[in-house]
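Asks: Quick one, protein.cif (mmCIF, N, CA and C atoms):
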```
data_entry
loop_
_atom_site.group_PDB
_atom_site.id
_atom_site.type_symbol
_atom_site.label_atom_id
_atom_site.label_comp_id
_atom_site.auth_asym_id
_atom_site.auth_seq_id
_atom_site.Cartn_x
_atom_site.Cartn_y
_atom_site.Cartn_z
ATOM 1 N N MET A 1 12.219 -5.098 -6.342
ATOM 2 C CA MET A 1 13.264 -5.924 -5.767
ATOM 3 C C MET A 1 14.608 -5.433 -6.301
ATOM 4 N N LEU A 2 15.525 -5.268 -5.414
ATOM 5 C CA LEU A 2 16.889 -4.893 -5.782
ATOM 6 C C LEU A 2 17.677 -6.178 -6.055
ATOM 7 N N VAL A 3 18.343 -6.252 -7.186
ATOM 8 C CA VAL A 3 19.087 -7.456 -7.571
ATOM 9 C C VAL A 3 20.569 -7.112 -7.663
ATOM 10 N N PHE A 4 21.407 -7.950 -7.023
ATOM 11 C CA PHE A 4 22.858 -7.764 -7.030
ATOM 12 C C PHE A 4 23.532 -8.919 -7.751
ATOM 13 N N THR A 5 24.676 -8.642 -8.323
ATOM 14 C CA THR A 5 25.564 -9.686 -8.815
ATOM 15 C C THR A 5 26.777 -9.670 -7.894
ATOM 16 N N ARG A 6 27.078 -10.814 -7.294
ATOM 17 C CA ARG A 6 28.204 -10.918 -6.371
ATOM 18 C C ARG A 6 28.995 -12.164 -6.707
ATOM 19 N N LYS A 7 30.282 -12.114 -6.472
ATOM 20 C CA LYS A 7 31.160 -13.270 -6.646
ATOM 21 C C LYS A 7 31.509 -13.821 -5.273
ATOM 22 N N LYS A 8 32.163 -14.987 -5.260
ATOM 23 C CA LYS A 8 32.584 -15.599 -4.007
ATOM 24 C C LYS A 8 33.402 -14.596 -3.200
ATOM 25 N N ASN A 9 33.123 -14.546 -1.896
ATOM 26 C CA ASN A 9 33.767 -13.672 -0.911
ATOM 27 C C ASN A 9 33.374 -12.206 -1.043
ATOM 28 N N GLU A 10 32.434 -11.882 -1.912
ATOM 29 C CA GLU A 10 31.905 -10.523 -1.972
ATOM 30 C C GLU A 10 30.638 -10.469 -1.124
ATOM 31 N N SER A 11 30.294 -9.280 -0.679
ATOM 32 C CA SER A 11 29.148 -9.173 0.209
ATOM 33 C C SER A 11 28.336 -7.924 -0.098
ATOM 34 N N ILE A 12 27.182 -7.864 0.542
ATOM 35 C CA ILE A 12 26.354 -6.663 0.507
ATOM 36 C C ILE A 12 26.055 -6.283 1.952
ATOM 37 N N MET A 13 25.755 -5.031 2.175
ATOM 38 C CA MET A 13 25.423 -4.539 3.506
ATOM 39 C C MET A 13 23.965 -4.100 3.519
ATOM 40 N N ILE A 14 23.285 -4.418 4.590
ATOM 41 C CA ILE A 14 21.939 -3.913 4.836
ATOM 42 C C ILE A 14 22.054 -3.060 6.092
ATOM 43 N N GLY A 15 22.010 -1.754 5.897
ATOM 44 C CA GLY A 15 22.263 -0.851 7.011
ATOM 45 C C GLY A 15 23.691 -1.031 7.481
ATOM 46 N N PRO A 16 24.013 -0.487 8.654
ATOM 47 C CA PRO A 16 25.388 -0.599 9.147
ATOM 48 C C PRO A 16 25.697 -1.919 9.858
ATOM 49 N N ASP A 17 24.647 -2.722 10.157
ATOM 50 C CA ASP A 17 24.821 -3.887 11.033
ATOM 51 C C ASP A 17 24.733 -5.250 10.356
ATOM 52 N N ILE A 18 24.188 -5.325 9.163
ATOM 53 C CA ILE A 18 23.922 -6.629 8.558
ATOM 54 C C ILE A 18 24.744 -6.790 7.284
ATOM 55 N N GLU A 19 25.561 -7.852 7.268
ATOM 56 C CA GLU A 19 26.375 -8.161 6.097
ATOM 57 C C GLU A 19 25.987 -9.540 5.582
ATOM 58 N N ILE A 20 25.736 -9.626 4.289
ATOM 59 C CA ILE A 20 25.437 -10.899 3.642
ATOM 60 C C ILE A 20 26.562 -11.178 2.659
ATOM 61 N N LYS A 21 27.264 -12.308 2.884
ATOM 62 C CA LYS A 21 28.457 -12.626 2.102
ATOM 63 C C LYS A 21 28.257 -13.920 1.326
ATOM 64 N N VAL A 22 28.706 -13.937 0.079
ATOM 65 C CA VAL A 22 28.692 -15.162 -0.723
ATOM 66 C C VAL A 22 29.890 -15.998 -0.266
ATOM 67 N N VAL A 23 29.619 -17.120 0.376
ATOM 68 C CA VAL A 23 30.666 -17.968 0.938
ATOM 69 C C VAL A 23 31.126 -19.010 -0.077
ATOM 70 N N ALA A 24 30.182 -19.576 -0.822
ATOM 71 C CA ALA A 24 30.519 -20.609 -1.809
ATOM 72 C C ALA A 24 29.479 -20.610 -2.918
ATOM 73 N N ILE A 25 29.933 -21.012 -4.086
ATOM 74 C CA ILE A 25 29.039 -21.144 -5.234
ATOM 75 C C ILE A 25 29.242 -22.548 -5.790
ATOM 76 N N GLY A 26 28.169 -23.313 -5.853
ATOM 77 C CA GLY A 26 28.268 -24.687 -6.353
ATOM 78 C C GLY A 26 27.164 -24.984 -7.342
ATOM 79 N N ARG A 27 27.151 -26.224 -7.812
ATOM 80 C CA ARG A 27 26.113 -26.626 -8.766
ATOM 81 C C ARG A 27 24.726 -26.633 -8.143
ATOM 82 N N ASP A 28 24.666 -26.943 -6.845
ATOM 83 C CA ASP A 28 23.373 -27.055 -6.171
ATOM 84 C C ASP A 28 22.854 -25.734 -5.624
ATOM 85 N N GLY A 29 23.672 -24.712 -5.608
ATOM 86 C CA GLY A 29 23.205 -23.436 -5.076
ATOM 87 C C GLY A 29 24.338 -22.559 -4.598
ATOM 88 N N VAL A 30 23.949 -21.507 -3.953
ATOM 89 C CA VAL A 30 24.891 -20.525 -3.419
ATOM 90 C C VAL A 30 24.824 -20.598 -1.903
ATOM 91 N N LYS A 31 25.970 -20.605 -1.238
ATOM 92 C CA LYS A 31 26.016 -20.615 0.218
ATOM 93 C C LYS A 31 26.281 -19.188 0.678
ATOM 94 N N LEU A 32 25.388 -18.682 1.532
ATOM 95 C CA LEU A 32 25.515 -17.326 2.039
ATOM 96 C C LEU A 32 25.876 -17.350 3.512
ATOM 97 N N GLY A 33 26.664 -16.379 3.917
ATOM 98 C CA GLY A 33 26.949 -16.154 5.326
ATOM 99 C C GLY A 33 26.309 -14.835 5.716
ATOM 100 N N ILE A 34 25.646 -14.817 6.864
ATOM 101 C CA ILE A 34 24.962 -13.605 7.310
ATOM 102 C C ILE A 34 25.506 -13.213 8.669
ATOM 103 N N ASP A 35 25.992 -11.997 8.751
ATOM 104 C CA ASP A 35 26.483 -11.443 10.011
ATOM 105 C C ASP A 35 25.513 -10.343 10.416
ATOM 106 N N ALA A 36 24.800 -10.576 11.534
ATOM 107 C CA ALA A 36 23.784 -9.625 11.983
ATOM 108 C C ALA A 36 23.730 -9.628 13.508
ATOM 109 N N PRO A 37 23.179 -8.576 14.103
ATOM 110 C CA PRO A 37 23.018 -8.554 15.560
ATOM 111 C C PRO A 37 22.144 -9.722 16.027
ATOM 112 N N ARG A 38 22.377 -10.177 17.254
ATOM 113 C CA ARG A 38 21.671 -11.340 17.784
ATOM 114 C C ARG A 38 20.156 -11.138 17.855
ATOM 115 N N HIS A 39 19.708 -9.906 18.041
ATOM 116 C CA HIS A 39 18.270 -9.664 18.189
ATOM 117 C C HIS A 39 17.515 -9.733 16.854
ATOM 118 N N ILE A 40 18.236 -9.856 15.752
ATOM 119 C CA ILE A 40 17.609 -9.966 14.436
ATOM 120 C C ILE A 40 17.375 -11.452 14.140
ATOM 121 N N ALA A 41 16.119 -11.827 13.943
ATOM 122 C CA ALA A 41 15.792 -13.224 13.611
ATOM 123 C C ALA A 41 16.076 -13.457 12.132
ATOM 124 N N ILE A 42 16.814 -14.519 11.834
ATOM 125 C CA ILE A 42 17.147 -14.858 10.452
ATOM 126 C C ILE A 42 16.718 -16.302 10.210
ATOM 127 N N HIS A 43 15.851 -16.502 9.220
ATOM 128 C CA HIS A 43 15.348 -17.829 8.888
ATOM 129 C C HIS A 43 15.331 -17.997 7.372
ATOM 130 N N ARG A 44 15.468 -19.231 6.916
ATOM 131 C CA ARG A 44 15.175 -19.514 5.514
ATOM 132 C C ARG A 44 13.682 -19.245 5.310
ATOM 133 N N LYS A 45 13.295 -18.855 4.112
ATOM 134 C CA LYS A 45 11.900 -18.467 3.883
ATOM 135 C C LYS A 45 10.929 -19.589 4.231
ATOM 136 N N GLU A 46 11.245 -20.834 3.868
ATOM 137 C CA GLU A 46 10.321 -21.930 4.150
ATOM 138 C C GLU A 46 10.136 -22.134 5.655
ATOM 139 N N VAL A 47 11.187 -21.910 6.444
ATOM 140 C CA VAL A 47 11.084 -22.010 7.902
ATOM 141 C C VAL A 47 10.246 -20.850 8.435
ATOM 142 N N PHE A 48 10.505 -19.656 7.935
ATOM 143 C CA PHE A 48 9.743 -18.477 8.342
ATOM 144 C C PHE A 48 8.250 -18.676 8.075
ATOM 145 N N LEU A 49 7.905 -19.188 6.895
ATOM 146 C CA LEU A 49 6.500 -19.412 6.553
ATOM 147 C C LEU A 49 5.867 -20.473 7.448
ATOM 148 N N ALA A 50 6.633 -21.506 7.805
ATOM 149 C CA ALA A 50 6.123 -22.542 8.707
ATOM 150 C C ALA A 50 5.868 -21.966 10.097
ATOM 151 N N ILE A 51 6.772 -21.139 10.590
ATOM 152 C CA ILE A 51 6.594 -20.487 11.894
ATOM 153 C C ILE A 51 5.361 -19.594 11.861
ATOM 154 N N GLU A 52 5.222 -18.833 10.790
ATOM 155 C CA GLU A 52 4.076 -17.939 10.636
ATOM 156 C C GLU A 52 2.765 -18.733 10.624
ATOM 157 N N ALA A 53 2.739 -19.855 9.925
ATOM 158 C CA ALA A 53 1.536 -20.693 9.871
ATOM 159 C C ALA A 53 1.205 -21.267 11.247
ATOM 160 N N GLU A 54 2.216 -21.701 11.986
ATOM 161 C CA GLU A 54 2.001 -22.219 13.342
ATOM 162 C C GLU A 54 1.438 -21.136 14.256
ATOM 163 N N ASN A 55 1.977 -19.934 14.154
ATOM 164 C CA ASN A 55 1.483 -18.821 14.971
ATOM 165 C C ASN A 55 0.032 -18.495 14.629
ATOM 166 N N GLN A 56 -0.309 -18.524 13.346
ATOM 167 C CA GLN A 56 -1.695 -18.277 12.930
ATOM 168 C C GLN A 56 -2.615 -19.361 13.492
ATOM 169 N N ALA A 57 -2.196 -20.607 13.397
ATOM 170 C CA ALA A 57 -3.019 -21.716 13.890
ATOM 171 C C ALA A 57 -3.217 -21.622 15.399
ATOM 172 N N ALA A 58 -2.187 -21.205 16.107
ATOM 173 C CA ALA A 58 -2.267 -21.092 17.565
ATOM 174 C C ALA A 58 -3.188 -19.959 17.998
ATOM 175 N N SER A 59 -3.386 -18.982 17.144
ATOM 176 C CA SER A 59 -4.205 -17.829 17.522
ATOM 177 C C SER A 59 -5.682 -18.010 17.194
ATOM 178 N N VAL A 60 -6.055 -19.125 16.566
ATOM 179 C CA VAL A 60 -7.451 -19.368 16.206
ATOM 180 C C VAL A 60 -8.229 -19.772 17.453
ATOM 181 N N MET A 61 -9.383 -19.138 17.656
ATOM 182 C CA MET A 61 -10.215 -19.430 18.816
ATOM 183 C C MET A 61 -11.243 -20.502 18.439
ATOM 184 N N THR A 62 -11.100 -21.674 19.031
ATOM 185 C CA THR A 62 -12.044 -22.761 18.781
ATOM 186 C C THR A 62 -13.129 -22.728 19.859
ATOM 187 N N PRO A 63 -14.279 -23.337 19.615
ATOM 188 C CA PRO A 63 -15.327 -23.378 20.647
ATOM 189 C C PRO A 63 -14.842 -24.030 21.948
ATOM 190 N N ASP A 64 -14.031 -25.082 21.841
ATOM 191 C CA ASP A 64 -13.505 -25.736 23.049
ATOM 192 C C ASP A 64 -12.626 -24.787 23.850
ATOM 193 N N ARG A 65 -11.761 -24.068 23.141
ATOM 194 C CA ARG A 65 -10.861 -23.126 23.826
ATOM 195 C C ARG A 65 -11.662 -21.998 24.461
ATOM 196 N N LEU A 66 -12.686 -21.517 23.781
ATOM 197 C CA LEU A 66 -13.539 -20.465 24.320
ATOM 198 C C LEU A 66 -14.242 -20.940 25.588
ATOM 199 N N GLU A 67 -14.700 -22.180 25.586
ATOM 200 C CA GLU A 67 -15.352 -22.749 26.770
ATOM 201 C C GLU A 67 -14.361 -22.867 27.932
ATOM 202 N N GLN A 68 -13.121 -23.260 27.657
ATOM 203 C CA GLN A 68 -12.095 -23.330 28.706
ATOM 204 C C GLN A 68 -11.859 -21.955 29.324
ATOM 205 N N ILE A 69 -11.782 -20.939 28.492
ATOM 206 C CA ILE A 69 -11.550 -19.575 28.984
ATOM 207 C C ILE A 69 -12.740 -19.119 29.826
ATOM 208 N N LYS A 70 -13.956 -19.410 29.361
ATOM 209 C CA LYS A 70 -15.168 -19.037 30.097
ATOM 210 C C LYS A 70 -15.169 -19.674 31.491
ATOM 211 N N LYS A 71 -14.855 -20.965 31.553
ATOM 212 C CA LYS A 71 -14.823 -21.664 32.842
ATOM 213 C C LYS A 71 -13.747 -21.096 33.760
ATOM 214 N N ALA A 72 -12.601 -20.751 33.206
ATOM 215 C CA ALA A 72 -11.520 -20.174 34.015
ATOM 216 C C ALA A 72 -11.937 -18.823 34.581
ATOM 217 N N ILE A 73 -12.615 -18.013 33.787
ATOM 218 C CA ILE A 73 -13.082 -16.701 34.265
ATOM 219 C C ILE A 73 -14.133 -16.887 35.353
ATOM 220 N N GLN A 74 -15.070 -17.807 35.140
ATOM 221 C CA GLN A 74 -16.104 -18.062 36.142
ATOM 222 C C GLN A 74 -15.489 -18.557 37.449
ATOM 223 N N ALA A 75 -14.507 -19.431 37.364
ATOM 224 C CA ALA A 75 -13.841 -19.938 38.568
ATOM 225 C C ALA A 75 -13.108 -18.813 39.290
ATOM 226 N N ALA A 76 -12.457 -17.936 38.542
ATOM 227 C CA ALA A 76 -11.741 -16.811 39.157
ATOM 228 C C ALA A 76 -12.718 -15.861 39.833
ATOM 229 N N GLN A 77 -13.876 -15.613 39.204
ATOM 230 C CA GLN A 77 -14.882 -14.734 39.803
ATOM 231 C C GLN A 77 -15.437 -15.355 41.079
ATOM 232 N N LEU A 78 -15.680 -16.654 41.059
ATOM 233 C CA LEU A 78 -16.182 -17.355 42.236
ATOM 234 C C LEU A 78 -15.169 -17.283 43.377
ATOM 235 N N GLU A 79 -13.896 -17.491 43.067
ATOM 236 C CA GLU A 79 -12.838 -17.402 44.080
ATOM 237 C C GLU A 79 -12.757 -15.990 44.664
ATOM 238 N N ARG A 80 -12.901 -14.986 43.796
ATOM 239 C CA ARG A 80 -12.836 -13.596 44.259
ATOM 240 C C ARG A 80 -14.006 -13.299 45.198
ATOM 241 N N LYS A 81 -15.215 -13.757 44.839
ATOM 242 C CA LYS A 81 -16.385 -13.552 45.695
ATOM 243 C C LYS A 81 -16.205 -14.279 47.020
ATOM 244 N N LYS A 82 -15.706 -15.499 46.952
ATOM 245 C CA LYS A 82 -15.482 -16.310 48.150
ATOM 246 C C LYS A 82 -14.471 -15.629 49.065
ATOM 247 N N GLY A 83 -13.388 -15.124 48.476
ATOM 248 C CA GLY A 83 -12.366 -14.422 49.255
ATOM 249 C C GLY A 83 -12.897 -13.141 49.862
ATOM 250 N N ALA A 84 -13.726 -12.413 49.137
ATOM 251 C CA ALA A 84 -14.292 -11.159 49.639
ATOM 252 C C ALA A 84 -15.265 -11.433 50.771
ATOM 253 N N SER A 85 -16.071 -12.492 50.683
ATOM 254 C CA SER A 85 -17.034 -12.795 51.742
ATOM 255 C C SER A 85 -16.327 -13.301 52.995
ATOM 256 N N GLU A 86 -15.180 -13.928 52.863
ATOM 257 C CA GLU A 86 -14.420 -14.372 54.033
ATOM 258 C C GLU A 86 -13.795 -13.187 54.749
ATOM 259 N N GLU A 87 -13.422 -12.144 53.995
ATOM 260 C CA GLU A 87 -12.852 -10.942 54.598
ATOM 261 C C GLU A 87 -13.928 -10.117 55.285
ATOM 262 N N ASP A 88 -15.154 -10.075 54.719
ATOM 263 C CA ASP A 88 -16.251 -9.269 55.241
ATOM 264 C C ASP A 88 -17.420 -10.198 55.549
ATOM 265 N N PRO A 89 -17.572 -10.617 56.801
ATOM 266 C CA PRO A 89 -18.611 -11.584 57.153
ATOM 267 C C PRO A 89 -20.030 -11.060 56.918
ATOM 268 N N SER A 90 -20.239 -9.757 56.744
ATOM 269 C CA SER A 90 -21.580 -9.221 56.534
ATOM 270 C C SER A 90 -22.102 -9.489 55.131
ATOM 271 N N ARG A 91 -21.302 -9.988 54.228
ATOM 272 C CA ARG A 91 -21.744 -10.268 52.845
ATOM 273 C C ARG A 91 -22.478 -11.557 52.774
#
```
Starting from the file, lay out its structure as C-alpha coordinates.

Replies:
Amino acid sequence: MLVFTRKKNESIMIGPDIEIKVVAIGRDGVKLGIDAPRHIAIHRKEVFLAIEAENQAASVMTPDRLEQIKKAIQAAQLERKKGASEEDPSR
(Lines of atoms letter the chains of each structure in order from A and count residues from 1; the text may use other names and numbers.)
(Lines give C-alpha, C1' and ligand atoms only; values in the text may rest on other atoms or scores of the structure.)
Protein backbone atom coordinates (compact mmCIF):
# COMPACT_ATOMS: atom_id res chain seq x y z
CA MET A 1 0.00 0.00 0.00
CA LEU A 2 1.29 3.42 -0.91
CA VAL A 3 0.78 5.93 1.92
CA PHE A 4 0.71 9.72 1.42
CA THR A 5 0.75 12.64 3.80
CA ARG A 6 -1.38 15.50 2.50
CA LYS A 7 -2.59 18.77 3.98
CA LYS A 8 -5.84 20.61 3.31
CA ASN A 9 -6.19 21.58 -0.39
CA GLU A 10 -3.37 19.23 -1.42
CA SER A 11 -4.11 16.36 -3.75
CA ILE A 12 -2.77 13.22 -5.36
CA MET A 13 -3.20 12.07 -8.94
CA ILE A 14 -4.04 8.57 -10.10
CA GLY A 15 -3.06 8.48 -13.74
CA PRO A 16 -3.80 11.59 -15.78
CA ASP A 17 -7.57 11.59 -15.11
CA ILE A 18 -8.20 11.05 -11.40
CA GLU A 19 -7.47 13.63 -8.72
CA ILE A 20 -8.11 13.05 -5.02
CA LYS A 21 -8.03 16.26 -2.97
CA VAL A 22 -8.13 16.80 0.79
CA VAL A 23 -11.05 19.22 1.14
CA ALA A 24 -11.33 19.40 4.94
CA ILE A 25 -9.75 17.92 8.03
CA GLY A 26 -11.84 17.67 11.19
CA ARG A 27 -12.07 15.77 14.44
CA ASP A 28 -14.42 13.20 12.91
CA GLY A 29 -12.39 12.51 9.79
CA VAL A 30 -11.00 13.78 6.55
CA LYS A 31 -13.23 15.01 3.72
CA LEU A 32 -11.96 14.07 0.27
CA GLY A 33 -12.97 15.40 -3.11
CA ILE A 34 -12.56 13.10 -6.10
CA ASP A 35 -12.43 14.35 -9.67
CA ALA A 36 -12.68 11.47 -12.14
CA PRO A 37 -14.24 10.65 -15.51
CA ARG A 38 -17.96 9.81 -15.36
CA HIS A 39 -17.40 6.20 -16.48
CA ILE A 40 -15.33 5.49 -13.35
CA ALA A 41 -17.53 4.17 -10.51
CA ILE A 42 -16.58 5.67 -7.14
CA HIS A 43 -18.08 4.30 -3.92
CA ARG A 44 -17.24 4.29 -0.24
CA LYS A 45 -15.85 0.84 0.60
CA GLU A 46 -18.86 -0.18 2.70
CA VAL A 47 -21.21 0.70 -0.20
CA PHE A 48 -18.99 -1.16 -2.67
CA LEU A 49 -19.00 -4.27 -0.46
CA ALA A 50 -22.80 -4.10 -0.11
CA ILE A 51 -23.20 -3.86 -3.90
CA GLU A 52 -20.81 -6.77 -4.35
CA ALA A 53 -22.76 -8.88 -1.83
CA GLU A 54 -26.06 -8.09 -3.58
CA ASN A 55 -24.59 -9.07 -6.94
CA GLN A 56 -23.31 -12.35 -5.47
CA ALA A 57 -26.71 -13.11 -3.94
CA ALA A 58 -28.47 -12.36 -7.22
CA SER A 59 -26.23 -14.77 -9.11
CA VAL A 60 -27.01 -17.78 -6.88
CA MET A 61 -29.09 -20.43 -8.64
CA THR A 62 -31.84 -21.73 -6.37
CA PRO A 63 -33.95 -24.82 -7.17
CA ASP A 64 -37.02 -22.59 -7.67
CA ARG A 65 -35.17 -20.36 -10.12
CA LEU A 66 -33.83 -23.39 -11.98
CA GLU A 67 -37.37 -24.77 -12.29
CA GLN A 68 -38.60 -21.40 -13.66
CA ILE A 69 -35.85 -21.43 -16.29
CA LYS A 70 -36.64 -25.06 -17.21
CA LYS A 71 -40.34 -24.23 -17.69
CA ALA A 72 -39.50 -21.17 -19.79
CA ILE A 73 -37.24 -23.23 -22.06
CA GLN A 74 -39.87 -25.95 -22.42
CA ALA A 75 -42.54 -23.36 -23.27
CA ALA A 76 -40.25 -21.75 -25.86
CA GLN A 77 -39.51 -25.15 -27.44
CA LEU A 78 -43.23 -25.96 -27.56
CA GLU A 79 -43.98 -22.60 -29.20
CA ARG A 80 -41.20 -23.18 -31.75
CA LYS A 81 -42.57 -26.65 -32.62
CA LYS A 82 -46.10 -25.26 -32.83
CA GLY A 83 -44.95 -22.44 -35.11
CA ALA A 84 -42.97 -24.83 -37.33
CA SER A 85 -45.93 -27.23 -37.71
CA GLU A 86 -48.23 -24.34 -38.67
CA GLU A 87 -45.77 -23.30 -41.40
CA ASP A 88 -45.37 -26.89 -42.69
CA PRO A 89 -48.66 -28.82 -42.53
CA SER A 90 -46.88 -32.13 -43.32
CA ARG A 91 -45.35 -32.24 -39.80

Asks: Fewer than 4 positions away in the same chain doesn't count, so skip those; otherwise give me all residues within 10 Å of segment 35-48 of chain A, counting only C-alpha atoms, as a PyMOL selection string.

Replies: chain A and resi 13-14+16-21+52-54

Asks: Go through A:Leu32, A:Leu66, A:Ala57, A:Ile51 and flag the residue nearest Ile12 of chain A, using only C-alpha atoms for the distances.

Replies: A:Leu32

Asks: Enter the distance from atom CA of Val22 of chain A to atom CA of Lys8 of chain A, in Å, rounded to one decimal.

Replies: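 We find that atom CA of Val22 of chain A and atom CA of Lys8 of chain A lie 5.1 Å from each other.
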
Asks: Please identify which residues in segment 9-79 of chain A DSSP calls strand (DSSP E or B) from the backbone, and express them as a PyMOL selection string.

Replies: chain A and resi 11-14+18-25+30-35

Asks: May I ask for the distance between atom C of Gln77 of chain A and atom C of Thr62 of chain A, given in Å to one decimal place?

Replies: 22.6 Å

Asks: What separation in Å, quoted to one decimal, exists between atom CA of Gly83 of chain A and atom CA of Ile69 of chain A?

Replies: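 Distance between the two atoms: 20.9 Å.
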
Asks: Which of these residues is nearest to Val30 of chain A, using only C-alpha atoms: A:Lys7, A:Gln68, A:Ala84, A:Gly15?

Replies: A:Lys7

Asks: Report as a PyMOL selection string: the residues of chain A with a DSSP assignment of alpha helix (DSSP H), based on the backbone of this structure.

Replies: chain A and resi 45-58+63-87
